[in-house]
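S.K.: Pasting coords08.tsv here (TSV, C-alpha atoms and all ligand atoms):
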chain	number	residue	atom	x	y	z
A	6	MET	CA	0.00	0.00	0.00
A	7	THR	CA	1.34	3.40	-1.02
A	8	HIS	CA	1.65	6.17	1.61
A	9	SER	CA	1.16	9.15	-0.71
A	10	ALA	CA	-1.79	11.56	-0.12
A	11	PRO	CA	-5.14	9.84	-0.54
A	12	PHE	CA	-7.26	10.34	-3.63
A	13	ARG	CA	-10.67	11.88	-2.94
A	14	ILE	CA	-13.60	10.01	-4.42
A	15	ALA	CA	-17.31	10.78	-4.70
A	16	ILE	CA	-20.06	8.26	-5.44
A	17	ASN	CA	-23.04	9.49	-7.47
A	18	GLY	CA	-25.95	7.05	-7.17
A	19	TYR	CA	-25.59	4.95	-4.03
A	20	GLY	CA	-27.53	1.86	-5.11
A	21	ARG	CA	-26.31	-1.70	-5.62
A	22	ILE	CA	-23.08	-0.76	-7.41
A	23	GLY	CA	-22.42	2.47	-5.49
A	24	ARG	CA	-22.66	0.67	-2.16
A	25	CYS	CA	-20.61	-2.30	-3.40
A	26	PHE	CA	-17.90	0.14	-4.56
A	27	LEU	CA	-17.55	1.63	-1.08
A	28	ARG	CA	-17.60	-1.78	0.53
A	29	ALA	CA	-15.06	-3.20	-1.94
A	30	LEU	CA	-12.65	-0.40	-0.98
A	31	VAL	CA	-13.07	-1.28	2.71
A	32	GLU	CA	-12.73	-5.04	2.17
A	33	ALA	CA	-9.61	-4.50	0.03
A	34	ASP	CA	-8.12	-2.30	2.78
A	35	MET	CA	-7.88	0.60	0.32
A	36	ALA	CA	-10.26	3.04	2.00
A	37	ASP	CA	-7.36	5.19	3.24
A	38	HIS	CA	-5.74	5.42	-0.18
A	39	LEU	CA	-8.93	5.89	-2.23
A	40	GLN	CA	-10.97	7.88	0.25
A	41	VAL	CA	-14.70	8.23	-0.36
A	42	VAL	CA	-15.44	11.80	0.77
A	43	ALA	CA	-18.89	12.39	-0.75
A	44	ILE	CA	-22.00	10.47	-1.72
A	45	ASN	CA	-24.84	11.95	-3.75
A	46	GLU	CA	-27.99	9.85	-3.67
A	47	PRO	CA	-31.63	11.04	-3.81
A	48	ALA	CA	-32.72	8.56	-1.12
A	49	ASP	CA	-33.14	9.86	2.42
A	50	PHE	CA	-30.24	9.82	4.87
A	51	ARG	CA	-31.84	7.25	7.17
A	52	GLY	CA	-32.20	4.79	4.28
A	53	ILE	CA	-28.62	5.40	3.15
A	54	VAL	CA	-27.22	4.60	6.59
A	55	TYR	CA	-29.48	1.57	6.96
A	56	LEU	CA	-28.65	0.01	3.57
A	57	THR	CA	-24.96	0.62	4.18
A	58	ARG	CA	-25.16	-1.38	7.41
A	59	PHE	CA	-27.38	-4.22	6.19
A	60	ASP	CA	-27.27	-5.88	2.78
A	61	SER	CA	-29.43	-8.92	1.94
A	62	THR	CA	-26.95	-10.08	-0.70
A	63	HIS	CA	-23.52	-9.37	0.77
A	64	GLY	CA	-24.30	-9.39	4.50
A	65	ARG	CA	-23.56	-6.82	7.19
A	66	PHE	CA	-21.05	-4.07	6.45
A	67	PRO	CA	-17.54	-5.19	7.47
A	68	GLY	CA	-16.81	-2.05	9.45
A	69	LYS	CA	-18.32	0.52	11.76
A	70	VAL	CA	-21.13	2.56	10.16
A	71	GLU	CA	-22.31	5.66	12.03
A	72	ALA	CA	-24.45	8.67	11.25
A	73	GLY	CA	-23.29	12.13	12.30
A	74	ASP	CA	-24.91	15.45	11.37
A	75	GLY	CA	-25.81	14.53	7.78
A	76	ARG	CA	-22.49	12.76	7.33
A	77	LEU	CA	-21.85	9.08	7.07
A	78	LEU	CA	-18.96	7.78	9.17
A	79	ILE	CA	-17.28	4.61	7.96
A	80	ASP	CA	-14.73	3.36	10.48
A	81	GLY	CA	-14.48	6.99	11.60
A	82	ARG	CA	-13.88	8.39	8.08
A	83	GLU	CA	-16.36	11.17	7.23
A	84	ILE	CA	-18.42	11.14	4.05
A	85	ALA	CA	-20.56	14.17	3.10
A	86	VAL	CA	-24.00	13.06	1.91
A	87	THR	CA	-26.18	15.07	-0.48
A	88	HIS	CA	-29.54	14.20	-2.00
A	89	ALA	CA	-29.49	16.01	-5.33
A	90	SER	CA	-30.92	14.66	-8.57
A	91	THR	CA	-28.59	16.69	-10.85
A	92	PRO	CA	-24.77	17.09	-10.81
A	93	GLU	CA	-25.13	20.91	-10.81
A	94	GLU	CA	-26.79	20.89	-7.40
A	95	VAL	CA	-23.74	19.35	-5.68
A	96	ASP	CA	-20.71	21.40	-4.60
A	97	TRP	CA	-18.08	18.86	-5.70
A	98	ARG	CA	-15.32	21.49	-5.46
A	99	ALA	CA	-15.95	21.89	-1.74
A	100	GLU	CA	-15.00	18.25	-1.24
A	101	GLY	CA	-11.98	18.47	-3.62
A	102	VAL	CA	-13.15	15.46	-5.58
A	103	ASP	CA	-10.46	13.80	-7.77
A	104	LEU	CA	-12.91	11.29	-9.23
A	105	VAL	CA	-16.65	10.74	-9.18
A	106	VAL	CA	-17.80	7.17	-9.71
A	107	GLU	CA	-21.11	7.60	-11.51
A	108	CYS	CA	-23.31	4.69	-10.41
A	109	SER	CA	-26.82	6.06	-11.00
A	110	GLY	CA	-27.03	4.77	-14.57
A	111	GLN	CA	-28.66	8.05	-15.64
A	112	TYR	CA	-25.89	9.58	-17.78
A	113	GLY	CA	-24.91	7.87	-21.06
A	114	SER	CA	-23.80	10.56	-23.50
A	115	ARG	CA	-20.73	12.81	-23.39
A	116	PRO	CA	-22.74	16.02	-22.94
A	117	GLU	CA	-24.59	14.38	-20.02
A	118	LEU	CA	-21.37	13.14	-18.41
A	119	MET	CA	-19.61	16.47	-18.97
A	120	ARG	CA	-22.13	17.98	-16.55
A	121	PHE	CA	-20.08	16.42	-13.73
A	122	ILE	CA	-16.86	17.96	-15.08
A	123	ASP	CA	-18.52	21.35	-15.57
A	124	ALA	CA	-19.86	21.14	-12.00
A	125	GLY	CA	-16.34	20.72	-10.59
A	126	CYS	CA	-15.41	17.01	-10.75
A	127	SER	CA	-11.98	16.37	-12.25
A	128	ARG	CA	-12.82	12.91	-13.61
A	129	VAL	CA	-15.79	10.59	-14.04
A	130	LEU	CA	-15.72	6.79	-13.98
A	131	VAL	CA	-19.05	5.45	-15.26
A	132	SER	CA	-20.54	2.13	-14.09
A	133	HIS	CA	-22.04	1.22	-17.46
A	134	PRO	CA	-21.08	1.40	-21.14
A	135	ALA	CA	-21.56	4.86	-22.66
A	136	ASN	CA	-24.04	5.28	-25.51
A	137	SER	CA	-21.15	5.12	-27.99
A	138	ALA	CA	-17.37	4.63	-27.79
A	139	GLU	CA	-16.92	8.34	-28.60
A	140	ASP	CA	-18.93	9.47	-25.58
A	141	VAL	CA	-16.04	8.55	-23.27
A	142	ASP	CA	-12.26	8.89	-23.45
A	143	ALA	CA	-11.83	5.16	-22.87
A	144	THR	CA	-13.84	2.03	-22.01
A	145	ILE	CA	-11.82	-0.23	-19.74
A	146	VAL	CA	-12.04	-3.91	-18.84
A	147	TYR	CA	-9.43	-4.22	-16.12
A	148	GLY	CA	-6.92	-6.95	-16.93
A	149	CYS	CA	-7.29	-6.39	-20.67
A	150	ASN	CA	-6.78	-2.75	-21.66
A	151	GLU	CA	-6.16	-0.56	-18.58
A	152	ASP	CA	-2.72	0.28	-20.04
A	153	VAL	CA	-4.41	2.69	-22.47
A	154	LEU	CA	-5.06	5.04	-19.54
A	155	GLY	CA	-2.47	7.82	-19.50
A	156	GLY	CA	-3.93	9.92	-16.70
A	157	GLY	CA	-5.20	12.79	-18.88
A	158	GLU	CA	-8.67	11.32	-19.49
A	159	ARG	CA	-11.77	13.05	-18.12
A	160	ILE	CA	-14.49	10.43	-18.65
A	161	VAL	CA	-13.91	6.67	-18.56
A	162	SER	CA	-16.42	3.82	-18.68
A	163	ASN	CA	-15.96	0.63	-16.67
A	164	ALA	CA	-17.98	-1.24	-19.37
A	165	SER	CA	-20.69	-3.65	-18.12
A	166	CYS	CA	-20.52	-6.55	-15.69
A	167	THR	CA	-21.07	-9.04	-18.52
A	168	THR	CA	-18.40	-7.37	-20.69
A	169	ASN	CA	-15.97	-7.60	-17.76
A	170	ALA	CA	-16.76	-11.32	-17.52
A	171	VAL	CA	-16.64	-12.30	-21.18
A	172	VAL	CA	-13.87	-10.09	-22.62
A	173	PRO	CA	-10.97	-11.59	-20.59
A	174	VAL	CA	-12.09	-15.09	-21.63
A	175	LEU	CA	-12.45	-14.14	-25.30
A	176	ASP	CA	-9.12	-12.33	-25.12
A	177	VAL	CA	-7.39	-15.59	-24.13
A	178	LEU	CA	-9.05	-17.52	-26.98
A	179	LEU	CA	-8.35	-14.75	-29.48
A	180	ARG	CA	-4.65	-14.62	-28.61
A	181	GLU	CA	-4.05	-18.36	-28.23
A	182	VAL	CA	-6.32	-19.87	-30.92
A	183	GLY	CA	-8.11	-17.24	-33.03
A	184	ILE	CA	-11.86	-16.54	-33.17
A	185	GLU	CA	-14.20	-16.48	-36.18
A	186	GLN	CA	-17.55	-15.69	-34.50
A	187	VAL	CA	-19.11	-15.33	-31.04
A	188	LEU	CA	-22.68	-15.94	-29.87
A	189	LEU	CA	-23.39	-15.36	-26.19
A	190	THR	CA	-26.38	-15.45	-23.90
A	191	THR	CA	-26.12	-13.89	-20.48
A	192	LEU	CA	-28.36	-15.36	-17.79
A	193	HIS	CA	-28.47	-12.34	-15.53
A	194	ALA	CA	-29.80	-12.02	-11.98
A	195	ALA	CA	-32.67	-9.59	-11.40
A	196	MET	CA	-31.90	-5.89	-11.08
A	197	ASN	CA	-33.53	-2.77	-9.65
A	198	ASP	CA	-34.69	-1.73	-13.14
A	199	GLN	CA	-37.31	-4.52	-12.91
A	200	PRO	CA	-40.41	-4.47	-10.67
A	201	LEU	CA	-41.16	-7.20	-8.12
A	202	ILE	CA	-44.63	-7.59	-9.66
A	203	ASP	CA	-45.83	-6.17	-13.00
A	204	GLY	CA	-45.64	-2.38	-13.10
A	205	TYR	CA	-45.04	0.56	-15.49
A	206	HIS	CA	-41.36	0.69	-14.74
A	207	HIS	CA	-39.31	0.94	-17.92
A	208	ALA	CA	-39.33	1.81	-21.63
A	209	ASP	CA	-38.22	-1.78	-22.42
A	210	LEU	CA	-41.65	-3.47	-22.21
A	211	ARG	CA	-40.23	-6.74	-20.90
A	212	ARG	CA	-38.68	-4.84	-17.99
A	213	THR	CA	-42.25	-3.99	-16.85
A	214	ARG	CA	-42.81	-7.65	-15.96
A	215	SER	CA	-42.42	-9.20	-12.54
A	216	ALA	CA	-38.75	-10.05	-11.96
A	217	MET	CA	-39.58	-12.91	-9.61
A	218	GLN	CA	-42.16	-14.70	-11.77
A	219	SER	CA	-40.46	-15.11	-15.14
A	220	ILE	CA	-37.36	-15.74	-17.17
A	221	ILE	CA	-37.28	-12.45	-19.12
A	222	PRO	CA	-35.32	-11.63	-22.28
A	223	VAL	CA	-34.33	-7.93	-22.14
A	224	SER	CA	-32.84	-5.52	-24.67
A	225	THR	CA	-29.04	-5.31	-24.59
A	226	GLY	CA	-26.16	-3.54	-26.29
A	227	LEU	CA	-23.82	-6.30	-25.14
A	228	ALA	CA	-22.59	-7.41	-28.59
A	229	ARG	CA	-21.47	-3.88	-29.52
A	230	GLY	CA	-20.00	-3.51	-26.03
A	231	VAL	CA	-17.81	-6.59	-26.54
A	232	GLU	CA	-16.73	-5.40	-30.00
A	233	ARG	CA	-15.80	-2.03	-28.47
A	234	LEU	CA	-13.25	-3.83	-26.29
A	235	LEU	CA	-12.16	-6.37	-28.89
A	236	PRO	CA	-12.25	-4.51	-32.24
A	237	ALA	CA	-10.73	-7.58	-33.97
A	238	LEU	CA	-14.18	-9.17	-33.55
A	239	GLY	CA	-16.01	-6.24	-35.17
A	240	GLY	CA	-19.30	-7.40	-36.76
A	241	ARG	CA	-18.78	-10.98	-35.53
A	242	VAL	CA	-20.48	-10.93	-32.13
A	243	GLN	CA	-24.17	-11.52	-31.34
A	244	ALA	CA	-25.67	-11.50	-27.84
A	245	LYS	CA	-28.88	-11.99	-25.90
A	246	ALA	CA	-29.57	-11.03	-22.29
A	247	ILE	CA	-32.05	-13.01	-20.21
A	248	ARG	CA	-32.97	-11.97	-16.67
A	249	VAL	CA	-33.61	-14.88	-14.30
A	250	PRO	CA	-35.35	-14.76	-10.90
A	251	THR	CA	-32.26	-14.87	-8.68
A	252	HIS	CA	-31.01	-11.95	-6.58
A	253	ASN	CA	-27.35	-11.98	-7.61
A	254	VAL	CA	-24.71	-13.92	-9.63
A	255	SER	CA	-25.06	-14.39	-13.36
A	256	ALA	CA	-23.77	-16.76	-16.03
A	257	ILE	CA	-22.76	-16.55	-19.67
A	258	ASP	CA	-23.54	-19.34	-22.10
A	259	LEU	CA	-20.75	-18.62	-24.56
A	260	VAL	CA	-20.52	-20.14	-28.04
A	261	VAL	CA	-17.32	-19.43	-29.95
A	262	GLU	CA	-16.36	-20.58	-33.43
A	263	LEU	CA	-12.58	-20.83	-33.28
A	264	SER	CA	-10.09	-20.48	-36.15
A	265	ARG	CA	-8.70	-23.99	-35.72
A	266	GLU	CA	-9.71	-27.29	-34.17
A	267	VAL	CA	-9.30	-27.75	-30.41
A	268	THR	CA	-10.22	-30.25	-27.72
A	269	VAL	CA	-12.06	-29.70	-24.44
A	270	ALA	CA	-8.81	-30.43	-22.60
A	271	GLU	CA	-6.86	-27.84	-24.61
A	272	VAL	CA	-9.42	-25.05	-24.15
A	273	ASN	CA	-9.69	-25.76	-20.43
A	274	ALA	CA	-5.90	-25.85	-20.06
A	275	LEU	CA	-5.61	-22.45	-21.78
A	276	LEU	CA	-8.19	-20.87	-19.48
A	277	ARG	CA	-6.77	-22.52	-16.38
A	278	ALA	CA	-3.30	-21.20	-17.29
A	279	ALA	CA	-4.72	-17.68	-17.71
A	280	ALA	CA	-6.46	-17.97	-14.32
A	281	GLU	CA	-3.23	-19.06	-12.65
A	282	GLY	CA	-1.07	-16.58	-14.58
A	283	PRO	CA	-1.74	-13.28	-16.33
A	284	GLN	CA	-5.44	-13.08	-15.42
A	285	ALA	CA	-5.11	-14.19	-11.77
A	286	GLY	CA	-7.68	-12.27	-9.70
A	287	ARG	CA	-9.87	-11.66	-12.77
A	288	ILE	CA	-10.40	-15.15	-14.23
A	289	GLU	CA	-10.93	-18.15	-11.93
A	290	TYR	CA	-11.15	-21.74	-13.14
A	291	SER	CA	-13.17	-24.52	-11.47
A	292	GLU	CA	-14.48	-27.99	-12.24
A	293	GLU	CA	-16.52	-28.33	-9.01
A	294	PRO	CA	-20.28	-29.09	-9.36
A	295	HIS	CA	-21.37	-25.46	-8.87
A	296	ALA	CA	-24.67	-23.63	-8.53
A	297	SER	CA	-24.73	-19.86	-9.03
A	298	ILE	CA	-25.02	-19.00	-5.31
A	299	ASP	CA	-21.50	-20.41	-4.82
A	300	PHE	CA	-20.20	-17.21	-6.41
A	301	ASN	CA	-22.10	-14.67	-4.33
A	302	HIS	CA	-19.49	-12.15	-3.14
A	303	ASP	CA	-16.82	-13.58	-5.45
A	304	GLY	CA	-14.51	-10.78	-6.61
A	305	HIS	CA	-13.40	-12.38	-9.88
A	306	SER	CA	-14.66	-10.95	-13.17
A	307	ALA	CA	-15.25	-14.46	-14.55
A	308	ILE	CA	-15.23	-18.01	-13.23
A	309	VAL	CA	-14.84	-20.56	-16.03
A	310	ASP	CA	-16.75	-23.74	-15.18
A	311	GLY	CA	-14.51	-26.28	-16.90
A	312	SER	CA	-16.96	-29.10	-16.18
A	313	GLN	CA	-19.36	-27.54	-18.71
A	314	THR	CA	-16.95	-26.99	-21.60
A	315	ARG	CA	-18.10	-28.65	-24.83
A	316	VAL	CA	-16.52	-28.85	-28.30
A	317	MET	CA	-18.49	-29.73	-31.44
A	318	GLY	CA	-16.96	-30.47	-34.81
A	319	GLY	CA	-13.53	-29.40	-33.56
A	320	ARG	CA	-13.96	-25.64	-33.83
A	321	MET	CA	-17.29	-24.86	-32.14
A	322	VAL	CA	-16.71	-24.34	-28.40
A	323	ASN	CA	-19.37	-23.83	-25.74
A	324	LEU	CA	-18.31	-22.45	-22.33
A	325	LEU	CA	-20.12	-21.66	-19.09
A	326	VAL	CA	-18.78	-18.57	-17.31
A	327	TRP	CA	-20.09	-17.49	-13.89
A	328	PHE	CA	-19.77	-13.98	-12.42
A	329	ASP	CA	-21.01	-12.00	-9.45
A	330	ASN	CA	-22.52	-9.15	-11.44
A	331	GLU	CA	-22.35	-6.79	-8.44
A	332	TRP	CA	-19.23	-7.70	-6.51
A	333	GLY	CA	-16.93	-8.67	-9.39
A	334	PHE	CA	-17.85	-5.50	-11.27
A	335	ALA	CA	-17.50	-3.22	-8.22
A	336	ASN	CA	-14.05	-4.66	-7.54
A	337	ARG	CA	-12.99	-3.96	-11.13
A	338	MET	CA	-14.27	-0.38	-10.70
A	339	VAL	CA	-11.95	-0.09	-7.71
A	340	ASP	CA	-9.08	-1.50	-9.81
A	341	VAL	CA	-9.72	0.96	-12.64
A	342	ALA	CA	-10.12	3.92	-10.26
A	343	ARG	CA	-6.83	3.10	-8.52
A	344	HIS	CA	-4.94	2.47	-11.76
A	345	TRP	CA	-6.28	5.61	-13.46
A	346	LEU	CA	-5.69	7.92	-10.50
A	347	GLN	CA	-2.15	6.63	-9.97
A	348	ARG	CA	-1.43	7.60	-13.59
A	349	THR	CA	-2.35	11.20	-12.77
A	350	ARG	CA	0.55	11.65	-10.31
B	401	LIG	N1	-26.41	-4.24	-10.48
B	401	LIG	C1	-25.50	-4.78	-11.28
B	401	LIG	O1	-25.28	-5.98	-11.26
B	401	LIG	C2	-24.71	-3.89	-12.19
B	401	LIG	C3	-23.49	-4.39	-12.66
B	401	LIG	C4	-22.71	-3.58	-13.50
B	401	LIG	C5	-23.18	-2.34	-13.88
B	401	LIG	N2	-24.39	-1.90	-13.41
B	401	LIG	C6	-24.84	-0.56	-13.85
B	401	LIG	O2	-24.67	0.36	-12.78
B	401	LIG	C7	-25.73	1.32	-12.81
B	401	LIG	C8	-26.47	1.28	-11.48
B	401	LIG	O3	-27.02	-0.01	-11.29
B	401	LIG	P1	-27.51	-0.49	-9.86
B	401	LIG	O4	-27.85	-1.91	-10.02
B	401	LIG	O5	-26.55	-0.05	-8.82
B	401	LIG	O6	-28.86	0.36	-9.76
B	401	LIG	P2	-29.63	0.83	-8.45
B	401	LIG	O7	-29.49	-0.15	-7.36
B	401	LIG	O8	-31.00	1.23	-8.91
B	401	LIG	O9	-28.83	2.14	-8.02
B	401	LIG	C9	-28.93	3.37	-8.67
B	401	LIG	C10	-29.02	4.45	-7.60
B	401	LIG	O10	-28.88	5.74	-8.21
B	401	LIG	C11	-29.88	6.58	-7.67
B	401	LIG	N3	-30.17	7.66	-8.61
B	401	LIG	C12	-31.14	7.72	-9.56
B	401	LIG	N4	-31.05	8.87	-10.24
B	401	LIG	C13	-30.02	9.56	-9.70
B	401	LIG	C14	-29.41	10.82	-10.00
B	401	LIG	N5	-29.87	11.59	-10.99
B	401	LIG	N6	-28.35	11.20	-9.27
B	401	LIG	C15	-27.87	10.43	-8.26
B	401	LIG	N7	-28.39	9.22	-7.95
B	401	LIG	C16	-29.45	8.78	-8.66
B	401	LIG	C17	-31.06	5.67	-7.45
B	401	LIG	O11	-31.95	6.26	-6.54
B	401	LIG	P3	-33.51	5.93	-6.67
B	401	LIG	O12	-33.66	4.48	-6.47
B	401	LIG	O13	-34.11	6.77	-5.61
B	401	LIG	O14	-33.91	6.36	-8.06
B	401	LIG	C18	-30.39	4.42	-6.90
B	401	LIG	O15	-30.21	4.48	-5.51
B	401	LIG	C19	-26.59	0.95	-14.02
B	401	LIG	O16	-26.15	1.70	-15.12
B	401	LIG	C20	-26.30	-0.52	-14.22
B	401	LIG	O17	-26.48	-0.93	-15.56
B	401	LIG	C21	-25.15	-2.64	-12.55
Once you've parsed the file, please lay out its structure as structure tokens.

M.R.:
Amino acid sequence: MTHSAPFRIAINGYGRIGRCFLRALVEADMADHLQVVAINEPADFRGIVYLTRFDSTHGRFPGKVEAGDGRLLIDGREIAVTHASTPEEVDWRAEGVDLVVECSGQYGSRPELMRFIDAGCSRVLVSHPANSAEDVDATIVYGCNEDVLGGGERIVSNASCTTNAVVPVLDVLLREVGIEQVLLTTLHAAMNDQPLIDGYHHADLRRTRSAMQSIIPVSTGLARGVERLLPALGGRVQAKAIRVPTHNVSAIDLVVELSREVTVAEVNALLRAAAEGPQAGRIEYSEEPHASIDFNHDGHSAIVDGSQTRVMGGRMVNLLVWFDNEWGFANRMVDVARHWLQRTR
């Protein structure tokens, strides 16, 4: 751990990902180095304190959570809390914010994201893919392309949780074997953009349906998101996203047409070697008889379930990749924030 002055971080949108980001910093013992000094979240203060302390998915907060005069105290460290619904209403300069992690999901275009910069934030790290590659200075999947960050960027996207899971795996296959085409289906846990029972909740009609009653295909920009990270696959990726009635942890059913023939043993050996070598901490490899709940609170971006690898006709490979869509992603946001900010000094 470095002993230089801490970086000052704000969280905008303190929902599933915003809260996981703060908690990931604490669990990684980085809260002194990347110091969260401000949270902006429309919810009331009482609710913010309560949902920091208690989390149905990840358990009780692993530290002391106190409330003091409109400020949240985490292990004694003070966080200013505001309840604005626009970036302009928050005095980011007063808190000397080096980076805002934008976790509300409300800002997808460059003009929208620039509102944070214009309001006094030096940098914005966004918890979803921007509308287009040009809307941000870079889209990062940590472990694959963080080296493109030079420190001078203003707006960076952390891509999506599914992109963080699938891109490192595809990257291994692309480098080691070669890829012709990719077809993937993500089986994604329910999210807060779905209602518990049917309700007018979203422009995507299927997202108006009860999250707990159905398996629900939803609209997704996943294919273009993967191609954004792996331009060599441009025009050769297709994807579907299906929400399933679980509270956390998702899976990718990944079909890849490779450039040459392989065996199950060879593909698994390649992914196991990546997990034990260059992608340690991001890719994990397992052949245990898993169910999704086994990966709740797992910080990896992707867990390759080698027991489910299939090869057809030599070149058609089918993989099962698990990921904790909240915790894995939030940990990669911490990685990108740390890496990016260190480049600025
Ligand atoms: N959950 C995942 O697994 C996951 C994984 C990777 C990426 N993401 C992405 O991360 C983003 C957030 O997802 P989430 O699951 O954390 O959603 P969430 O639980 O609904 O959290 C979003 C939070 O932002 C607040 N908010 C809404 N408008 C705001 C505004 N204008 N300014 C400040 N805060 C505002 C919401 O408050 P109200 O509820 O009061 O509106 C809510 O507390 C989305 O873009 C999502 O795609 C999510």

S.K.: Show me which residues sit within 8 Å of ligand LIG 401 (chain B) when counting only C-alpha atoms and all ligand atoms, and put them as JSON, numbers by chain.

M.R.: {"A": [17, 18, 19, 20, 21, 22, 23, 24, 45, 46, 47, 48, 88, 89, 90, 91, 92, 107, 108, 109, 110, 111, 131, 132, 133, 134, 164, 165, 166, 167, 194, 196, 197, 198, 253, 329, 330, 331, 332, 334, 335]}

S.K.: Have a look at CA of Phe26 in chain A and CA of Ser162 in chain A and let me know their distance in Å, one decimal.

M.R.: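 These atoms are spaced 14.7 Å apart.
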
S.K.: Would you mind reading off the distance between CA of Gln40 in chain A and CA of His344 in chain A, one decimal, in Å?

M.R.: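 If I compute the distance from CA of Gln40 in chain A to CA of His344 in chain A, I get 14.5 Å.
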
S.K.: Smallest atom-to-atom distance to Arg98 in chain A: which of A:Arg241, A:Arg287, A:Arg212, A:Arg13, using only C-alpha atoms?

M.R.: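 Among A:Arg241, A:Arg287, A:Arg212, A:Arg13, it is A:Arg13 that comes nearest to Arg98 in chain A.
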
S.K.: If we count all atoms listed in the file, what is near range 57-69 of chain A at a cut-off of 9 Å, once residues fewer than 6 positions away on the same chain are taken out, given as a list of chain:residue names?

M.R.: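 After dropping sequence-adjacent residues, the list is A:Arg24, A:Cys25, A:Arg28, A:Val31, A:Glu32, A:Leu78, A:Ile79, A:Asp80, A:Gly81, A:His252, A:Asn253, A:Asn301, A:His302, A:Trp332.
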
S.K.: Around (-6.3, 13.2, -11.1) in the file's frame, which residues reach within 6 Å when counting only C-alpha atoms? Return as a PyMOL selection string?

M.R.: chain A and resi 103+346+349

S.K.: Find the distance between CA of His305 in chain A and CA of Pro173 in chain A and write it in Å to one decimal.

M.R.: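 Interatomic distance here is 11.0 Å.
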
S.K.: Identify which of the residues A:Ala246, A:Val254, A:Leu276, A:Ala143 lies closest to Gly156 in chain A, counting all atoms listed in the file when measuring atom-to-atom distances.

M.R.: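 Between A:Ala246, A:Val254, A:Leu276, A:Ala143, the residue approaching Gly156 in chain A most closely is A:Ala143.
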
S.K.: Using only C-alpha atoms, find the one residue out of A:Gln284, A:Gln243, A:Ser264, A:Thr251 that sits nearest to Ile298 in chain A.

M.R.: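 Among the listed residues, A:Thr251 lies closest to Ile298 in chain A.
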
S.K.: Tell me which residues come within 9 Å of (-33.9, -13.4, -18.4), as a list of chain:residue names, counting all atoms listed in the file in the file's coordinates.

M.R.: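 All residues meeting the 9 Å criterion around (-33.9, -13.4, -18.4) are A:Thr191, A:Leu192, A:His193, A:Ala194, A:Ala195, A:Ala216, A:Ser219, A:Ile220, A:Ile221, A:Pro222, A:Val223, A:Ala246, A:Ile247, A:Arg248, A:Val249, A:Pro250.
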
S.K.: Create the file for the chosen residues now, containing C-alpha atoms and written as a PDB file, in the frame of the given file.

M.R.:
ATOM      1  CA  THR A 191     -26.120 -13.890 -20.480  1.00  0.00           C
ATOM      2  CA  LEU A 192     -28.360 -15.360 -17.790  1.00  0.00           C
ATOM      3  CA  HIS A 193     -28.470 -12.340 -15.530  1.00  0.00           C
ATOM      4  CA  ALA A 194     -29.800 -12.020 -11.980  1.00  0.00           C
ATOM      5  CA  ALA A 195     -32.670  -9.590 -11.400  1.00  0.00           C
ATOM      6  CA  ALA A 216     -38.750 -10.050 -11.960  1.00  0.00           C
ATOM      7  CA  SER A 219     -40.460 -15.110 -15.140  1.00  0.00           C
ATOM      8  CA  ILE A 220     -37.360 -15.740 -17.170  1.00  0.00           C
ATOM      9  CA  ILE A 221     -37.280 -12.450 -19.120  1.00  0.00           C
ATOM     10  CA  PRO A 222     -35.320 -11.630 -22.280  1.00  0.00           C
ATOM     11  CA  VAL A 223     -34.330  -7.930 -22.140  1.00  0.00           C
ATOM     12  CA  ALA A 246     -29.570 -11.030 -22.290  1.00  0.00           C
ATOM     13  CA  ILE A 247     -32.050 -13.010 -20.210  1.00  0.00           C
ATOM     14  CA  ARG A 248     -32.970 -11.970 -16.670  1.00  0.00           C
ATOM     15  CA  VAL A 249     -33.610 -14.880 -14.300  1.00  0.00           C
ATOM     16  CA  PRO A 250     -35.350 -14.760 -10.900  1.00  0.00           C
TER      17      PRO A 250
END

S.K.: Could you tell me which of A:Cys149, A:Ile308, A:Ala256, A:Val341 comes closest to Leu189 in chain A if we count all atoms listed in the file?

M.R.: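 Looking at the shortest contact to Leu189 in chain A, the residue is A:Ala256.
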
S.K.: Can you tell me which residues surround Arg214 in chain A at a distance of at most 9 Å, considering all atoms listed in the file, apart from same-chain residues fewer than 2 positions away, and format the answer as a PDB file with C-alpha atoms, keeping the file's coordinate frame?

M.R.:
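Once written, selection-v6.pdb looks like this:
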ATOM      1  CA  GLN A 199     -37.310  -4.520 -12.910  1.00  0.00           C
ATOM      2  CA  PRO A 200     -40.410  -4.470 -10.670  1.00  0.00           C
ATOM      3  CA  LEU A 201     -41.160  -7.200  -8.120  1.00  0.00           C
ATOM      4  CA  ILE A 202     -44.630  -7.590  -9.660  1.00  0.00           C
ATOM      5  CA  ASP A 203     -45.830  -6.170 -13.000  1.00  0.00           C
ATOM      6  CA  GLY A 204     -45.640  -2.380 -13.100  1.00  0.00           C
ATOM      7  CA  TYR A 205     -45.040   0.560 -15.490  1.00  0.00           C
ATOM      8  CA  HIS A 206     -41.360   0.690 -14.740  1.00  0.00           C
ATOM      9  CA  LEU A 210     -41.650  -3.470 -22.210  1.00  0.00           C
ATOM     10  CA  ARG A 211     -40.230  -6.740 -20.900  1.00  0.00           C
ATOM     11  CA  ARG A 212     -38.680  -4.840 -17.990  1.00  0.00           C
ATOM     12  CA  ALA A 216     -38.750 -10.050 -11.960  1.00  0.00           C
ATOM     13  CA  MET A 217     -39.580 -12.910  -9.610  1.00  0.00           C
ATOM     14  CA  GLN A 218     -42.160 -14.700 -11.770  1.00  0.00           C
ATOM     15  CA  SER A 219     -40.460 -15.110 -15.140  1.00  0.00           C
ATOM     16  CA  ILE A 221     -37.280 -12.450 -19.120  1.00  0.00           C
TER      17      ILE A 221
END
